[in-house]
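> I'm passing along work-v7.txt; it holds compact mmCIF, C-alpha atoms.
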```txt
# COMPACT_ATOMS: atom_id res chain seq x y z
CA MET S 25 232.98 134.97 210.54
CA LEU S 26 229.72 136.42 211.33
CA ASP S 27 228.92 136.20 215.02
CA SER S 28 225.21 136.45 214.32
CA LEU S 29 222.72 136.38 211.43
CA LEU S 30 220.05 138.89 211.48
CA ILE S 31 216.93 137.93 209.49
CA ARG S 32 214.33 140.52 208.91
CA THR S 33 210.91 139.53 207.68
CA ARG S 34 207.89 141.58 206.60
CA ALA S 35 205.00 141.16 208.88
CA VAL S 36 202.07 139.32 207.20
CA PRO S 37 198.64 139.70 208.73
CA PRO S 38 196.90 136.48 209.51
CA GLU S 39 194.16 135.28 207.07
CA PRO S 40 190.68 135.52 208.37
CA PRO S 41 189.03 132.23 208.97
CA ARG S 42 186.99 130.94 205.98
CA ARG S 43 183.47 129.76 206.29
CA ARG S 44 182.98 126.12 205.60
CA GLY S 45 181.70 125.58 202.10
CA ALA S 46 182.18 129.22 200.96
CA THR S 47 184.31 130.23 197.96
CA THR S 48 185.47 133.55 196.69
CA LEU S 49 185.06 134.04 192.87
CA GLY S 50 185.65 137.71 192.38
CA PRO S 51 185.55 138.90 188.72
CA GLU S 52 184.65 135.43 187.43
CA ARG S 53 181.45 135.51 189.45
CA GLN S 54 180.52 138.88 187.95
CA ARG S 55 181.08 137.59 184.40
CA PHE S 56 178.92 134.54 184.96
CA GLY S 57 176.21 136.66 186.50
CA LEU S 58 176.14 138.94 183.44
CA LEU S 59 175.94 135.94 181.10
CA LYS S 60 173.05 134.51 183.08
CA ALA S 61 171.23 137.82 182.88
CA VAL S 62 171.70 137.97 179.12
CA LEU S 63 170.53 134.40 178.64
CA ALA S 64 167.56 134.99 180.84
CA ALA S 65 166.53 138.00 178.72
CA VAL S 66 166.46 136.03 175.43
CA PRO S 67 162.89 134.88 174.42
CA TRP S 68 163.92 131.31 173.72
CA LEU S 69 160.41 130.15 172.86
CA GLN S 70 159.99 132.72 170.11
CA VAL S 71 163.51 132.12 168.81
CA GLY S 72 162.88 128.40 168.67
CA MET S 73 159.58 128.83 166.86
CA GLY S 74 161.14 131.25 164.36
CA ALA S 75 163.98 128.87 163.65
CA ALA S 76 161.52 126.02 163.14
CA ILE S 77 159.46 128.07 160.70
CA VAL S 78 162.53 129.10 158.70
CA LEU S 79 163.72 125.51 158.58
CA ALA S 80 160.30 124.26 157.51
CA ALA S 81 160.05 126.93 154.78
CA ALA S 82 163.45 125.92 153.49
CA MET S 83 162.46 122.28 153.47
CA VAL S 84 159.16 122.74 151.57
CA PRO S 85 160.65 123.33 148.07
CA TRP S 86 163.14 120.54 148.60
CA GLY S 87 160.44 118.20 149.83
CA ALA S 88 158.10 119.15 147.00
CA SER S 89 160.80 118.54 144.43
CA GLN S 90 161.51 115.16 145.98
CA VAL S 91 157.81 114.23 145.87
CA LEU S 92 157.41 115.41 142.28
CA SER S 93 160.53 113.54 141.25
CA ALA S 94 159.13 110.42 142.83
CA MET S 95 155.76 110.90 141.14
CA ASP S 96 157.05 112.13 137.77
CA ARG S 97 156.57 110.05 134.66
CA GLN S 98 156.70 110.41 130.89
CA ILE S 99 153.97 111.97 128.75
CA LEU S 100 152.37 109.03 126.99
CA ALA S 101 149.45 110.64 125.11
CA ILE S 102 148.29 114.04 123.85
CA ASP S 103 144.65 114.87 123.09
CA VAL S 104 143.92 117.66 120.56
CA THR S 105 140.46 119.24 120.51
CA GLY S 106 138.82 122.19 118.77
CA THR S 107 136.75 122.97 115.70
CA LEU S 108 139.23 122.80 112.84
CA VAL S 109 138.73 124.10 109.31
CA GLY S 110 142.15 125.18 108.10
CA GLU S 111 144.25 122.99 110.37
CA ASN S 112 144.65 119.28 109.81
CA ARG S 113 144.05 117.34 113.01
CA THR S 114 146.52 114.62 112.04
CA ASP S 115 149.25 117.18 111.39
CA LEU S 116 148.55 118.86 114.71
CA GLU S 117 148.71 115.57 116.58
CA ARG S 118 151.94 114.71 114.79
CA LYS S 119 153.44 118.04 115.82
CA ALA S 120 152.23 117.60 119.39
CA GLY S 121 153.84 114.17 119.35
CA ASP S 122 157.22 115.89 119.68
CA TRP S 123 156.49 116.06 123.42
CA ILE S 124 155.65 112.38 123.81
CA GLY S 125 158.16 110.84 126.20
CA LYS S 126 159.01 114.14 127.90
CA SER S 127 158.66 114.69 131.65
CA PHE S 128 155.05 115.12 132.76
CA PHE S 129 155.94 117.73 135.39
CA ALA S 130 159.15 119.27 134.02
CA THR S 131 157.84 120.00 130.52
CA ASP S 132 157.19 123.73 130.07
CA LEU S 133 153.61 124.03 128.78
CA SER S 134 154.22 127.61 127.64
CA GLU S 135 156.80 126.33 125.14
CA ILE S 136 154.20 123.99 123.63
CA LYS S 137 151.69 126.85 123.44
CA ILE S 138 154.17 129.18 121.70
CA GLU S 139 155.21 126.49 119.24
CA LEU S 140 151.64 125.64 118.24
CA GLU S 141 150.63 129.30 117.90
CA ARG S 142 153.35 129.75 115.26
CA ARG S 143 151.18 127.74 112.87
CA PRO S 144 149.35 130.06 110.41
CA TRP S 145 145.81 128.93 111.23
CA VAL S 146 146.17 128.81 115.02
CA GLU S 147 144.78 131.80 116.89
CA SER S 148 145.44 130.34 120.35
CA ALA S 149 146.39 127.04 121.99
CA ALA S 150 145.44 126.13 125.57
CA VAL S 151 147.63 123.37 127.04
CA ARG S 152 147.04 121.57 130.35
CA ARG S 153 148.24 118.43 132.15
CA VAL S 154 145.88 115.50 132.73
CA TRP S 155 147.08 113.13 135.44
CA PRO S 156 148.80 110.78 135.25
CA ASP S 157 150.48 110.94 131.83
CA ARG S 158 148.48 112.96 129.27
CA LEU S 159 148.37 116.48 127.86
CA ALA S 160 145.16 118.13 126.63
CA ILE S 161 145.48 120.77 123.91
CA GLU S 162 142.56 122.94 122.80
CA ILE S 163 143.06 124.75 119.50
CA ARG S 164 141.17 127.87 118.43
CA GLU S 165 141.58 128.82 114.79
CA LYS S 166 141.67 132.25 113.21
CA LYS S 167 138.38 133.27 111.58
CA PRO S 168 139.09 134.49 108.04
CA LEU S 169 137.24 137.62 106.93
CA ALA S 170 138.42 137.84 103.33
CA TYR S 171 141.12 136.91 100.86
CA TRP S 172 143.91 139.48 100.73
CA ASN S 173 145.86 140.28 97.54
CA SER S 174 144.94 136.88 96.07
CA ASP S 175 147.49 134.82 98.01
CA ARG S 176 146.72 135.45 101.68
CA LEU S 177 143.89 135.73 104.16
CA VAL S 178 142.94 138.45 106.61
CA SER S 179 141.24 137.49 109.88
CA ARG S 180 138.29 139.21 111.50
CA THR S 181 140.74 140.92 113.83
CA GLY S 182 142.67 142.38 110.89
CA GLU S 183 145.61 139.97 111.06
CA LEU S 184 147.18 138.87 107.78
CA PHE S 185 148.27 135.24 107.56
CA SER S 186 149.58 132.95 104.82
CA PRO S 187 148.48 129.31 105.18
CA ASP S 188 149.36 126.69 102.58
CA ASN S 189 145.66 126.04 101.99
CA PRO S 190 143.84 129.41 101.88
CA GLU S 191 141.18 127.95 99.58
CA VAL S 192 139.63 125.98 102.46
CA ALA S 193 138.21 129.30 103.71
CA GLY S 194 135.56 128.95 100.99
CA ARG S 195 133.69 131.84 99.40
CA LEU S 196 134.86 135.09 100.93
CA PRO S 197 135.14 138.70 99.72
CA ARG S 198 138.39 139.64 98.06
CA LEU S 199 140.23 142.62 99.46
CA ALA S 200 143.45 144.11 98.13
CA GLY S 201 145.79 146.94 98.94
CA PRO S 202 149.08 147.81 100.65
CA ASP S 203 149.61 145.71 103.76
CA GLU S 204 149.95 148.78 105.96
CA ARG S 205 146.46 149.91 104.87
CA VAL S 206 144.69 146.62 105.62
CA ARG S 207 142.59 148.07 108.45
CA ASP S 208 141.51 151.02 106.27
CA VAL S 209 140.39 148.61 103.56
CA ILE S 210 138.47 146.48 106.07
CA ARG S 211 136.76 149.54 107.52
CA MET S 212 135.68 150.81 104.09
CA ALA S 213 134.61 147.32 103.01
CA ARG S 214 132.37 146.87 106.05
CA THR S 215 130.72 150.25 105.52
CA MET S 216 130.04 149.57 101.85
CA SER S 217 128.91 146.01 102.47
CA ASP S 218 126.31 147.13 105.02
CA THR S 219 125.04 149.86 102.69
CA LEU S 220 124.84 147.53 99.69
CA ALA S 221 122.90 144.97 101.74
CA GLY S 222 120.32 147.65 102.48
CA HIS S 223 119.84 148.08 98.71
CA GLY S 224 119.64 144.38 97.98
CA LEU S 225 123.16 144.17 96.54
CA GLY S 226 125.92 141.78 97.50
CA PHE S 227 129.48 142.83 98.29
CA ALA S 228 132.22 140.84 96.52
CA GLY S 229 135.42 142.81 97.04
CA LEU S 230 137.28 146.09 97.36
CA THR S 231 140.66 147.19 96.06
CA LEU S 232 142.81 150.10 97.21
CA GLU S 233 145.55 150.89 94.74
CA GLN S 234 148.95 152.15 95.81
CA ARG S 235 148.11 155.63 94.54
CA GLY S 236 144.95 155.68 96.68
CA ALA S 237 142.17 154.88 94.18
CA TRP S 238 139.28 152.61 95.24
CA THR S 239 137.47 150.02 93.09
CA LEU S 240 134.39 148.16 94.35
CA SER S 241 133.24 144.72 93.15
CA LEU S 242 129.62 143.60 93.49
CA ALA S 243 128.37 140.06 93.86
CA ASN S 244 126.51 140.38 90.53
CA GLY S 245 129.82 140.97 88.72
CA ILE S 246 129.61 144.77 88.30
CA GLU S 247 132.83 146.70 88.94
CA VAL S 248 132.50 150.24 90.30
CA VAL S 249 135.40 152.67 89.92
CA LEU S 250 135.38 155.25 92.72
CA GLY S 251 138.78 156.92 92.40
CA ARG S 252 140.71 158.71 95.13
CA ASP S 253 138.55 161.70 96.06
CA GLN S 254 135.00 162.02 97.37
CA VAL S 255 134.74 158.25 97.53
CA GLU S 256 131.65 158.20 99.77
CA GLU S 257 129.80 160.73 97.57
CA ARG S 258 130.64 158.79 94.41
CA PHE S 259 129.51 155.56 96.03
CA THR S 260 126.17 157.18 96.94
CA ARG S 261 125.82 158.54 93.40
CA PHE S 262 126.39 155.09 91.94
CA LEU S 263 123.63 153.63 94.11
CA THR S 264 121.22 156.35 92.98
CA VAL S 265 121.98 155.76 89.29
CA TYR S 266 121.85 152.00 89.73
CA GLU S 267 118.40 152.03 91.34
CA ASN S 268 116.97 154.59 88.90
CA ARG S 269 118.53 153.48 85.62
CA LEU S 270 120.50 150.24 85.82
CA ILE S 271 118.71 147.81 88.09
CA SER S 272 116.53 146.43 85.28
CA ARG S 273 119.60 145.81 83.10
CA ALA S 274 122.09 144.85 85.80
CA ASP S 275 123.02 141.60 84.05
CA GLU S 276 124.19 143.63 81.03
CA VAL S 277 126.47 145.98 83.01
CA SER S 278 130.19 145.23 83.19
CA ARG S 279 131.65 148.36 84.73
CA VAL S 280 130.50 151.68 86.18
CA ASP S 281 132.89 154.62 86.43
CA ALA S 282 131.65 157.03 89.10
CA ARG S 283 134.54 159.49 88.77
CA TYR S 284 132.33 162.11 87.17
CA THR S 285 130.99 165.32 88.61
CA ASN S 286 127.36 164.95 87.55
CA GLY S 287 126.94 161.34 86.53
CA VAL S 288 128.56 157.98 85.79
CA ALA S 289 129.92 156.16 82.77
CA VAL S 290 128.61 152.66 82.15
CA LYS S 291 130.45 149.93 80.26
CA TRP S 292 128.11 147.24 79.00
CA LYS S 293 129.07 143.65 78.53
CA SER S 294 128.45 144.17 74.84
CA ASP S 295 131.36 146.69 74.96
CA LYS S 296 129.08 149.66 74.48
CA VAL S 297 129.82 152.62 76.75
CA ALA S 298 127.14 155.03 77.85
CA GLY S 299 127.49 157.93 80.25
CA SER S 300 127.25 161.57 80.99
CA GLY S 301 129.04 164.25 82.98
CA THR S 302 132.65 165.27 83.29
CA LYS S 303 135.24 162.98 84.87
CA SER S 304 137.09 164.51 87.81
```
As structure tokens, please, write out the structure in this file.

Amino acid sequence: MLDSLLIRTRAVPPEPPRRRGATTLGPERQRFGLLKAVLAAVPWLQVGMGAAIVLAAAMVPWGASQVLSAMDRQILAIDVTGTLVGENRTDLERKAGDWIGKSFFATDLSEIKIELERRPWVESAAVRRVWPDRLAIEIREKKPLAYWNSDRLVSRTGELFSPDNPEVAGRLPRLAGPDERVRDVIRMARTMSDTLAGHGLGFAGLTLEQRGAWTLSLANGIEVVLGRDQVEERFTRFLTVYENRLISRADEVSRVDARYTNGVAVKWKSDKVAGSGTKS
């Protein structure tokens, strides 16, 4: 048996007395202090205003769509206006009627415009909404300049078009030629028409053949063959001969061939042919 028990203990210094109400946080206090500093540095007013603006901007399209949906209604009537010659107003209104019953706001007006401008006579169509349930369509027609190759029309802008009723264009000059040369024919026709008007003659038509030969038609029924070369010079020569020799007998002339070096050949309505010079 053990006569004695020896117990050794490590000496522990006494704790210092704590102040009443004081606590010791250590690292936790440092972390909270850093967080407070970070939060204090954030411009909360600006952040709040920015967030509000972003939220409001996001809400505008949604709100607008909700308002438009609430206000939307069907198209109940379509008004067609414009000075119409080739187009039939009833047909236009019937075509526009395809959009009756469609959404007033959701209907794409550009689609209506494109569809109407596919019609041969329509140069442009302006479409707008009229609150609360109508569409207004203003039609501008193409202005025909002349008949082209007997079955079509050419506009003043040089556009060829093929309506079902070309005859409603009335009395117009008749131009003919390859489609790709339409602007050349118009240019020559305008020049000749202006010159003829200065000599008291009316312009009726002009033909450009595939091989490049020109033939002029006058309002008094005379046909003038000008050929392929020196067309302007031959045209001037014809006018000189006409004023000096033919004007008094114009109603007897059927055809004048100006493809001669020093003169012209005249075909009379009585089938007699008179002329001089050498054809070139």
> Would you please work out which residue, of S:Ala149, S:Val248, S:Ile124, S:Leu220, is nearest to Glu165 of chain S when using only C-alpha atoms?
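Between S:Ala149, S:Val248, S:Ile124, S:Leu220, the residue approaching Glu165 of chain S most closely is S:Ala149.
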> Residues within 9 Å of Leu230 of chain S, please, as a ChimeraX atom specification. Count only C-alpha atoms; anything in the same chain fewer than 6 positions from it doesn't count.
/S:197-201,209-210,212-213,238-242
> Just how far from atom CA of Val255 of chain S is atom CA of Arg279 of chain S, in Å to one decimal?
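Pair atom CA of Arg279 of chain S / atom CA of Val255 of chain S returns 16.5 Å.
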> Could you check which of S:Lys119, S:Leu140, S:Gly110, S:Glu135 is closest to Pro187 of chain S, using only C-alpha atoms?
S:Gly110
> Could you check how far atom CA of Thr219 of chain S sits from atom CA of Thr264 of chain S, in Å to one decimal?
12.3 Å
